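Visitor: One structure coming up, written as structure tokens, with questions to follow.
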Amino acid sequence: MGIQIAPSILSADFANLESEINRIGNADLVHVDVMDYHFVPNLTLGLPVVEAILNRTELPVDCHLMIDDPDRWAPGYAEVGAASVTFHAEAAAAPIRLAREIRRQGARAGVGLKPATPVEPFEDLLTEIDMLLVMTVEPGFGGQEFLDVCLPKIRRAREMVSRSGLDVWIQIDGGVSKETIERCADAGADVFVAGSAVYGADDAAAAVEDLRTLAADASNLS
Ligand code: DX5
Ligand code: ZN
């Protein structure tokens with residue numbers, strides 16, 4: 001699939017979501033952060049807002065669920081038409097069953113890992129998922145500083161995926177900017193979430209394009 005840029009609307013103006021999404025028409029995915037005040041100490045939006053977004057954009061919608069009990073709630077996001085649904089490994093009771101349910105509903109299934117969660121236990125699960133999300137900040141808020149300590153994990157995730165021969169995307173999320181994206185691309189990430197770096201720019205589409213170019217130039221993937 002190659003390099004993909006997924007702007008996070010967490011840094012957009014929530015009162016004007018349609019026009020904010022129109023600012024990033026050149027993006028590959030729209031990243032939507034769902035937070036529940038329990039898994040993370042922040043609250044954003046849920047299924048009704050995701051449905052409204054789906055009705056207003058042609059871009060694939062990538063739902064990042066930072067919620068407790070994803071086993072119960074995640075399939076609903078796939079059912080309404082999200083292109084991908086990522087739940088957190090730390091929150092899921094039965095990740096294989098859940099990933100299969102998300103796929104059954106027609107979405108790509110993603111597993112998210114907080115910075116301190118190791119990736120190795122997921123090697124045998126790669127056949128069950130479509131994306132690994134390696135968080136590069138502690139989830140919960142936009143605008144945090146990129147955690148360099150996560151880079152070796154991105155590299156190990158890429159090695160695992162290469163060994164498997166599977167087309168599992170490696171997404172990174174948190175602190176991605178013009179200053180940090182090349183390190184992540186070099187380590188093997190191929191889907192880049194960026195909130196403040198895109199929505200904080202005067203020209204959001206130009207920021208997407210700049211990030212894409214930097215990532216493509218630094219990537220070792222063919
Ligand atoms: C944080 C969210 C991110 C957030 C990233 O927990 O998952 O998607 O929007 O924001 P930046 O790019 O500003 O770190
Ligand atoms: Zn996110």
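FYI, nothing fancy with the structure tokens labels: chains A, B, ... in order, residues from 1 per chain, ligands from 1 as they appear.
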Sort by chain and increasing residue number a table of all residues of chain A within 9 Å of ligand 2, each with its closest pair of atoms and their distance in Å to one decimal, counting only C-alpha atoms and all ligand atoms, and write it as a Markdown table.

Guide:
| residue | atom | partner | partner_atom_place_in_ligand_line | distance |
| --- | --- | --- | --- | --- |
| A:Ser8 | CA | ligand 2 | 1 (Zn) | 6.5 |
| A:Leu10 | CA | ligand 2 | 1 (Zn) | 8.0 |
| A:His31 | CA | ligand 2 | 1 (Zn) | 6.5 |
| A:Val32 | CA | ligand 2 | 1 (Zn) | 6.7 |
| A:Asp33 | CA | ligand 2 | 1 (Zn) | 4.9 |
| A:Val34 | CA | ligand 2 | 1 (Zn) | 8.0 |
| A:Cys63 | CA | ligand 2 | 1 (Zn) | 7.9 |
| A:His64 | CA | ligand 2 | 1 (Zn) | 5.3 |
| A:Leu65 | CA | ligand 2 | 1 (Zn) | 7.8 |
| A:Met66 | CA | ligand 2 | 1 (Zn) | 8.0 |
| A:Leu133 | CA | ligand 2 | 1 (Zn) | 8.9 |
| A:Met135 | CA | ligand 2 | 1 (Zn) | 8.1 |
| A:Pro139 | CA | ligand 2 | 1 (Zn) | 7.3 |
| A:Gly140 | CA | ligand 2 | 1 (Zn) | 8.2 |
| A:Phe141 | CA | ligand 2 | 1 (Zn) | 8.7 |
| A:Gly142 | CA | ligand 2 | 1 (Zn) | 8.4 |
| A:Ile172 | CA | ligand 2 | 1 (Zn) | 8.6 |
| A:Asp173 | CA | ligand 2 | 1 (Zn) | 5.7 |
| A:Gly174 | CA | ligand 2 | 1 (Zn) | 7.2 |
| A:Val193 | CA | ligand 2 | 1 (Zn) | 6.9 |
| A:Ala194 | CA | ligand 2 | 1 (Zn) | 8.4 |
| A:Gly195 | CA | ligand 2 | 1 (Zn) | 8.4 |

Visitor: The selected residues should be written to file as a compact mmCIF listing (two decimals), in the first residue's frame (atoms: N, CA and C atoms).

Guide:
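The resulting part-v6.txt:
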# COMPACT_ATOMS: atom_id res chain seq x y z
N SER A 8 -5.29 13.25 12.35
CA SER A 8 -6.21 13.00 13.47
C SER A 8 -7.05 14.24 13.70
N LEU A 10 -8.60 14.92 16.19
CA LEU A 10 -8.57 15.35 17.60
C LEU A 10 -8.10 16.80 17.72
N HIS A 31 -8.28 9.90 10.70
CA HIS A 31 -8.10 9.18 11.97
C HIS A 31 -9.02 9.81 13.02
N VAL A 32 -9.89 8.98 13.58
CA VAL A 32 -10.88 9.47 14.56
C VAL A 32 -10.60 8.81 15.92
N ASP A 33 -10.31 9.63 16.90
CA ASP A 33 -9.94 9.14 18.23
C ASP A 33 -11.17 9.09 19.13
N VAL A 34 -11.53 7.89 19.52
CA VAL A 34 -12.67 7.68 20.42
C VAL A 34 -12.12 7.42 21.82
N CYS A 63 -10.87 4.37 12.80
CA CYS A 63 -11.29 4.63 14.18
C CYS A 63 -10.29 4.04 15.16
N HIS A 64 -9.78 4.87 16.04
CA HIS A 64 -8.84 4.46 17.08
C HIS A 64 -9.60 4.49 18.40
N LEU A 65 -9.93 3.33 18.89
CA LEU A 65 -10.77 3.24 20.08
C LEU A 65 -9.91 3.15 21.34
N MET A 66 -9.87 4.25 22.07
CA MET A 66 -9.17 4.26 23.36
C MET A 66 -10.24 4.14 24.44
N LEU A 133 -0.92 -0.83 15.66
CA LEU A 133 -0.74 0.59 15.98
C LEU A 133 0.26 0.68 17.13
N MET A 135 1.80 3.06 19.57
CA MET A 135 1.64 4.43 20.09
C MET A 135 3.02 5.02 20.40
N PRO A 139 -1.45 7.33 25.17
CA PRO A 139 -2.68 7.78 24.54
C PRO A 139 -3.53 8.67 25.46
N GLY A 140 -4.28 9.55 24.84
CA GLY A 140 -5.21 10.38 25.60
C GLY A 140 -5.30 11.82 25.16
N PHE A 141 -4.21 12.35 24.62
CA PHE A 141 -4.19 13.77 24.28
C PHE A 141 -3.35 14.01 23.03
N GLY A 142 -3.75 15.04 22.28
CA GLY A 142 -2.93 15.48 21.16
C GLY A 142 -1.84 16.41 21.66
N ILE A 172 1.76 4.45 13.33
CA ILE A 172 2.27 5.11 14.54
C ILE A 172 1.43 6.34 14.80
N ASP A 173 1.34 6.71 16.07
CA ASP A 173 0.40 7.75 16.48
C ASP A 173 0.93 8.44 17.73
N GLY A 174 1.14 9.75 17.59
CA GLY A 174 1.56 10.56 18.73
C GLY A 174 2.86 11.29 18.47
N VAL A 193 -0.13 8.76 11.73
CA VAL A 193 -1.18 9.62 12.26
C VAL A 193 -0.53 10.93 12.70
N ALA A 194 -1.15 12.03 12.34
CA ALA A 194 -0.63 13.33 12.80
C ALA A 194 -1.80 14.25 13.07
N GLY A 195 -1.88 14.74 14.29
CA GLY A 195 -2.95 15.64 14.67
C GLY A 195 -2.51 17.08 14.63

Visitor: Residues at most 10 Å from Ala204 in chain A, counting only C-alpha atoms, excluding those fewer than 3 positions away in the same chain, as a list of chain:residue names?

Guide: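 Contacts, with the query itself left out: A:Pro7, A:Glu20, A:Ile21, A:Asn22, A:Arg23, A:Ile24, A:Gly25, A:Asn26, A:Ala27, A:Ser196, A:Ala197, A:Val198, A:Tyr199, A:Gly200, A:Ala201, A:Ala207, A:Val208, A:Glu209, A:Asp210.
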
Visitor: Which of range 49-220 of chain A counts as strand (DSSP E) under DSSP, as a JSON list (two decimals) with N, CA and C atoms, in the first residue's frame please?

Guide:
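Written out: states21.json:
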[["chain", "number", "residue", "atom", "x", "y", "z"],
["A", 61, "VAL", "N", -12.42, 6.07, 6.91],
["A", 61, "VAL", "CA", -12.37, 6.52, 8.31],
["A", 61, "VAL", "C", -11.72, 5.42, 9.17],
["A", 62, "ASP", "N", -10.69, 5.86, 9.87],
["A", 62, "ASP", "CA", -9.84, 4.97, 10.68],
["A", 62, "ASP", "C", -10.14, 5.27, 12.15],
["A", 63, "CYS", "N", -10.87, 4.37, 12.80],
["A", 63, "CYS", "CA", -11.29, 4.63, 14.18],
["A", 63, "CYS", "C", -10.29, 4.04, 15.16],
["A", 64, "HIS", "N", -9.78, 4.87, 16.04],
["A", 64, "HIS", "CA", -8.84, 4.46, 17.08],
["A", 64, "HIS", "C", -9.60, 4.49, 18.40],
["A", 65, "LEU", "N", -9.93, 3.33, 18.89],
["A", 65, "LEU", "CA", -10.77, 3.24, 20.08],
["A", 65, "LEU", "C", -9.91, 3.15, 21.34],
["A", 66, "MET", "N", -9.87, 4.25, 22.07],
["A", 66, "MET", "CA", -9.17, 4.26, 23.36],
["A", 66, "MET", "C", -10.24, 4.14, 24.44],
["A", 84, "SER", "N", -11.38, 1.06, 9.06],
["A", 84, "SER", "CA", -10.58, 0.28, 9.99],
["A", 84, "SER", "C", -10.98, 0.62, 11.41],
["A", 85, "VAL", "N", -10.88, -0.38, 12.26],
["A", 85, "VAL", "CA", -11.24, -0.23, 13.66],
["A", 85, "VAL", "C", -10.09, -0.80, 14.48],
["A", 86, "THR", "N", -9.48, 0.08, 15.27],
["A", 86, "THR", "CA", -8.35, -0.34, 16.11],
["A", 86, "THR", "C", -8.77, -0.31, 17.56],
["A", 87, "PHE", "N", -8.61, -1.45, 18.23],
["A", 87, "PHE", "CA", -8.86, -1.51, 19.67],
["A", 87, "PHE", "C", -7.52, -1.70, 20.36],
["A", 88, "HIS", "N", -7.48, -1.42, 21.66],
["A", 88, "HIS", "CA", -6.22, -1.55, 22.38],
["A", 88, "HIS", "C", -6.05, -2.95, 22.96],
["A", 108, "ARG", "N", -11.13, -3.32, 8.39],
["A", 108, "ARG", "CA", -9.80, -3.81, 8.75],
["A", 108, "ARG", "C", -9.69, -3.78, 10.28],
["A", 109, "ALA", "N", -9.04, -4.79, 10.83],
["A", 109, "ALA", "CA", -8.91, -4.88, 12.28],
["A", 109, "ALA", "C", -7.51, -4.45, 12.70],
["A", 110, "GLY", "N", -7.46, -3.52, 13.66],
["A", 110, "GLY", "CA", -6.17, -3.05, 14.16],
["A", 110, "GLY", "C", -6.05, -3.33, 15.65],
["A", 111, "VAL", "N", -4.80, -3.57, 16.07],
["A", 111, "VAL", "CA", -4.52, -3.72, 17.51],
["A", 111, "VAL", "C", -3.55, -2.61, 17.91],
["A", 112, "GLY", "N", -3.92, -1.85, 18.93],
["A", 112, "GLY", "CA", -3.09, -0.75, 19.41],
["A", 112, "GLY", "C", -2.28, -1.16, 20.63],
["A", 113, "LEU", "N", -1.07, -0.65, 20.70],
["A", 113, "LEU", "CA", -0.16, -0.95, 21.80],
["A", 113, "LEU", "C", 0.31, 0.34, 22.44],
["A", 131, "MET", "N", -3.63, -4.36, 10.96],
["A", 131, "MET", "CA", -2.79, -3.22, 11.31],
["A", 131, "MET", "C", -2.34, -3.34, 12.77],
["A", 132, "LEU", "N", -1.09, -3.00, 13.00],
["A", 132, "LEU", "CA", -0.56, -2.85, 14.36],
["A", 132, "LEU", "C", -0.37, -1.36, 14.57],
["A", 133, "LEU", "N", -0.92, -0.83, 15.66],
["A", 133, "LEU", "CA", -0.74, 0.59, 15.98],
["A", 133, "LEU", "C", 0.26, 0.68, 17.13],
["A", 134, "VAL", "N", 1.42, 1.23, 16.84],
["A", 134, "VAL", "CA", 2.42, 1.44, 17.88],
["A", 134, "VAL", "C", 2.30, 2.88, 18.35],
["A", 135, "MET", "N", 1.80, 3.06, 19.57],
["A", 135, "MET", "CA", 1.64, 4.43, 20.09],
["A", 135, "MET", "C", 3.02, 5.02, 20.40],
["A", 169, "TRP", "N", -0.32, -3.50, 8.13],
["A", 169, "TRP", "CA", 0.20, -2.13, 8.19],
["A", 169, "TRP", "C", 0.73, -1.83, 9.59],
["A", 170, "ILE", "N", 1.75, -0.99, 9.65],
["A", 170, "ILE", "CA", 2.28, -0.54, 10.95],
["A", 170, "ILE", "C", 2.03, 0.96, 11.06],
["A", 171, "GLN", "N", 1.11, 1.26, 11.94],
["A", 171, "GLN", "CA", 0.70, 2.65, 12.15],
["A", 171, "GLN", "C", 1.38, 3.20, 13.40],
["A", 172, "ILE", "N", 1.76, 4.45, 13.33],
["A", 172, "ILE", "CA", 2.27, 5.11, 14.54],
["A", 172, "ILE", "C", 1.43, 6.34, 14.80],
["A", 173, "ASP", "N", 1.34, 6.71, 16.07],
["A", 173, "ASP", "CA", 0.40, 7.75, 16.48],
["A", 173, "ASP", "C", 0.93, 8.44, 17.73],
["A", 191, "VAL", "N", 1.99, 3.80, 8.15],
["A", 191, "VAL", "CA", 0.79, 4.63, 8.30],
["A", 191, "VAL", "C", 1.05, 5.62, 9.43],
["A", 192, "PHE", "N", 0.95, 6.90, 9.12],
["A", 192, "PHE", "CA", 1.39, 7.94, 10.05],
["A", 192, "PHE", "C", 0.20, 8.81, 10.45],
["A", 193, "VAL", "N", -0.13, 8.76, 11.73],
["A", 193, "VAL", "CA", -1.18, 9.62, 12.26],
["A", 193, "VAL", "C", -0.53, 10.93, 12.70],
["A", 194, "ALA", "N", -1.15, 12.03, 12.34],
["A", 194, "ALA", "CA", -0.63, 13.33, 12.80],
["A", 194, "ALA", "C", -1.80, 14.25, 13.07]]

Visitor: Of the residues A:Asp190, A:Asp36, A:Glu159, A:Asp124, which is the one nearest to ligand 1, using only C-alpha atoms and all ligand atoms?

Guide: A:Asp36

Visitor: Could you tell me which of A:Asp202, A:Glu179, A:Glu145, A:Asp217 comes closest to ligand 1 if we count only C-alpha atoms and all ligand atoms?

Guide: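 So, comparing all the options, the nearest one is A:Glu145.
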
Visitor: Please provide as an mmCIF file with N, CA and C atoms, in the first residue's frame all residues within 8 Å of Cys184 in chain A, with the sequence filter that same-chain residues fewer than 5 positions apart are discarded (counting only C-alpha atoms).

Guide:
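Okay, out-v5.cif is ready:
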data_model
loop_
_atom_site.group_PDB
_atom_site.id
_atom_site.type_symbol
_atom_site.label_atom_id
_atom_site.label_comp_id
_atom_site.auth_asym_id
_atom_site.auth_seq_id
_atom_site.Cartn_x
_atom_site.Cartn_y
_atom_site.Cartn_z
ATOM 1 N N LEU A 151 10.878 3.846 19.211
ATOM 2 C CA LEU A 151 11.421 3.527 17.886
ATOM 3 C C LEU A 151 11.871 2.073 17.747
ATOM 4 N N ILE A 154 8.968 -0.094 16.934
ATOM 5 C CA ILE A 154 8.503 0.013 15.536
ATOM 6 C C ILE A 154 9.368 -0.895 14.657
ATOM 7 N N ILE A 172 1.760 4.453 13.328
ATOM 8 C CA ILE A 172 2.274 5.107 14.537
ATOM 9 C C ILE A 172 1.426 6.339 14.803
ATOM 10 N N ALA A 189 7.590 2.124 9.956
ATOM 11 C CA ALA A 189 6.165 2.470 9.964
ATOM 12 C C ALA A 189 5.717 2.805 8.543
ATOM 13 N N ALA A 215 8.281 11.097 4.743
ATOM 14 C CA ALA A 215 8.187 9.671 5.098
ATOM 15 C C ALA A 215 8.624 8.792 3.932
#

Visitor: Hey, what's within 7 Å of Glu128 in chain A if we count only C-alpha atoms and toss same-chain stuff fewer than 6 positions away? As a PyMOL selection string, please?

Guide: chain A and resi 96+99-100

Visitor: Could you pull out all residues of range 2-222 of chain A with a DSSP call of helix (DSSP H, G or I) and give them as an MDAnalysis selection string?

Guide: chainID A and resid 9:11 14:22 47:56 70:79 95:104 120:128 148:164 181:187 196:199 204:218

Visitor: Nearest to Ser19 in chain A: which of A:Ile53, A:Ile181, A:Leu98, A:Ala92 is it, counting only C-alpha atoms?

Guide: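 Result for the nearest residue to Ser19 in chain A: A:Ile53.
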
Visitor: For ligand 1, which residue among A:Val137, A:Leu47, A:Ala82, A:Ala93 is the nearest when counting only C-alpha atoms and all ligand atoms?

Guide: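 Closest residue, counting only C-alpha atoms and all ligand atoms: A:Val137.
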
Visitor: Give me the residues near Met160 in chain A as a PDB file with C-alpha atoms, in the first residue's frame, where near means some atom within 12 Å (using only C-alpha atoms) and where sequence neighbours in that chain fewer than 5 positions away do not count.

Guide:
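Final file, out-v6.pdb:
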ATOM      1  CA  VAL A 119       4.851  -6.189  20.437  1.00  0.00           C
ATOM      2  CA  GLU A 120       6.359  -9.692  20.536  1.00  0.00           C
ATOM      3  CA  PRO A 121       3.260 -11.433  21.968  1.00  0.00           C
ATOM      4  CA  PHE A 122       1.361 -10.390  18.847  1.00  0.00           C
ATOM      5  CA  GLU A 123       3.602 -12.170  16.364  1.00  0.00           C
ATOM      6  CA  ASP A 124       1.359 -15.227  16.283  1.00  0.00           C
ATOM      7  CA  LEU A 125      -1.725 -13.037  15.895  1.00  0.00           C
ATOM      8  CA  LEU A 126      -0.593 -11.268  12.740  1.00  0.00           C
ATOM      9  CA  THR A 127      -2.757 -13.489  10.554  1.00  0.00           C
ATOM     10  CA  LEU A 132      -0.561  -2.847  14.358  1.00  0.00           C
ATOM     11  CA  LYS A 153       9.492  -1.336  18.958  1.00  0.00           C
ATOM     12  CA  ILE A 154       8.503   0.013  15.536  1.00  0.00           C
ATOM     13  CA  ARG A 155      11.595  -1.667  14.128  1.00  0.00           C
ATOM     14  CA  GLY A 165       5.053 -12.110   4.682  1.00  0.00           C
ATOM     15  CA  LEU A 166       1.641 -10.654   5.556  1.00  0.00           C
ATOM     16  CA  ASP A 167       0.333  -7.251   4.477  1.00  0.00           C
ATOM     17  CA  VAL A 168      -0.102  -5.901   8.002  1.00  0.00           C
ATOM     18  CA  TRP A 169       0.198  -2.127   8.193  1.00  0.00           C
ATOM     19  CA  ILE A 170       2.277  -0.543  10.948  1.00  0.00           C
ATOM     20  CA  GLY A 188       9.457   0.697   9.332  1.00  0.00           C
TER      21      GLY A 188
END

Visitor: Tell me which of A:Ala12, A:Met1, A:Ile67, A:Val80 sits closest to Asp130 in chain A, counting only C-alpha atoms.

Guide: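 Closest candidate: A:Met1.
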
Visitor: Go through A:Cys150, A:Ala52, A:Val40, A:Ala91 and flag the residue nearest ligand 1, using only C-alpha atoms and all ligand atoms for the distances.

Guide: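 So, comparing all the options, the nearest one is A:Val40.
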
Visitor: So what do you get for CA of Leu17 in chain A versus atom 9 (O, counted along the ligand's line) of ligand 1, distance-wise?

Guide: 14.3 Å
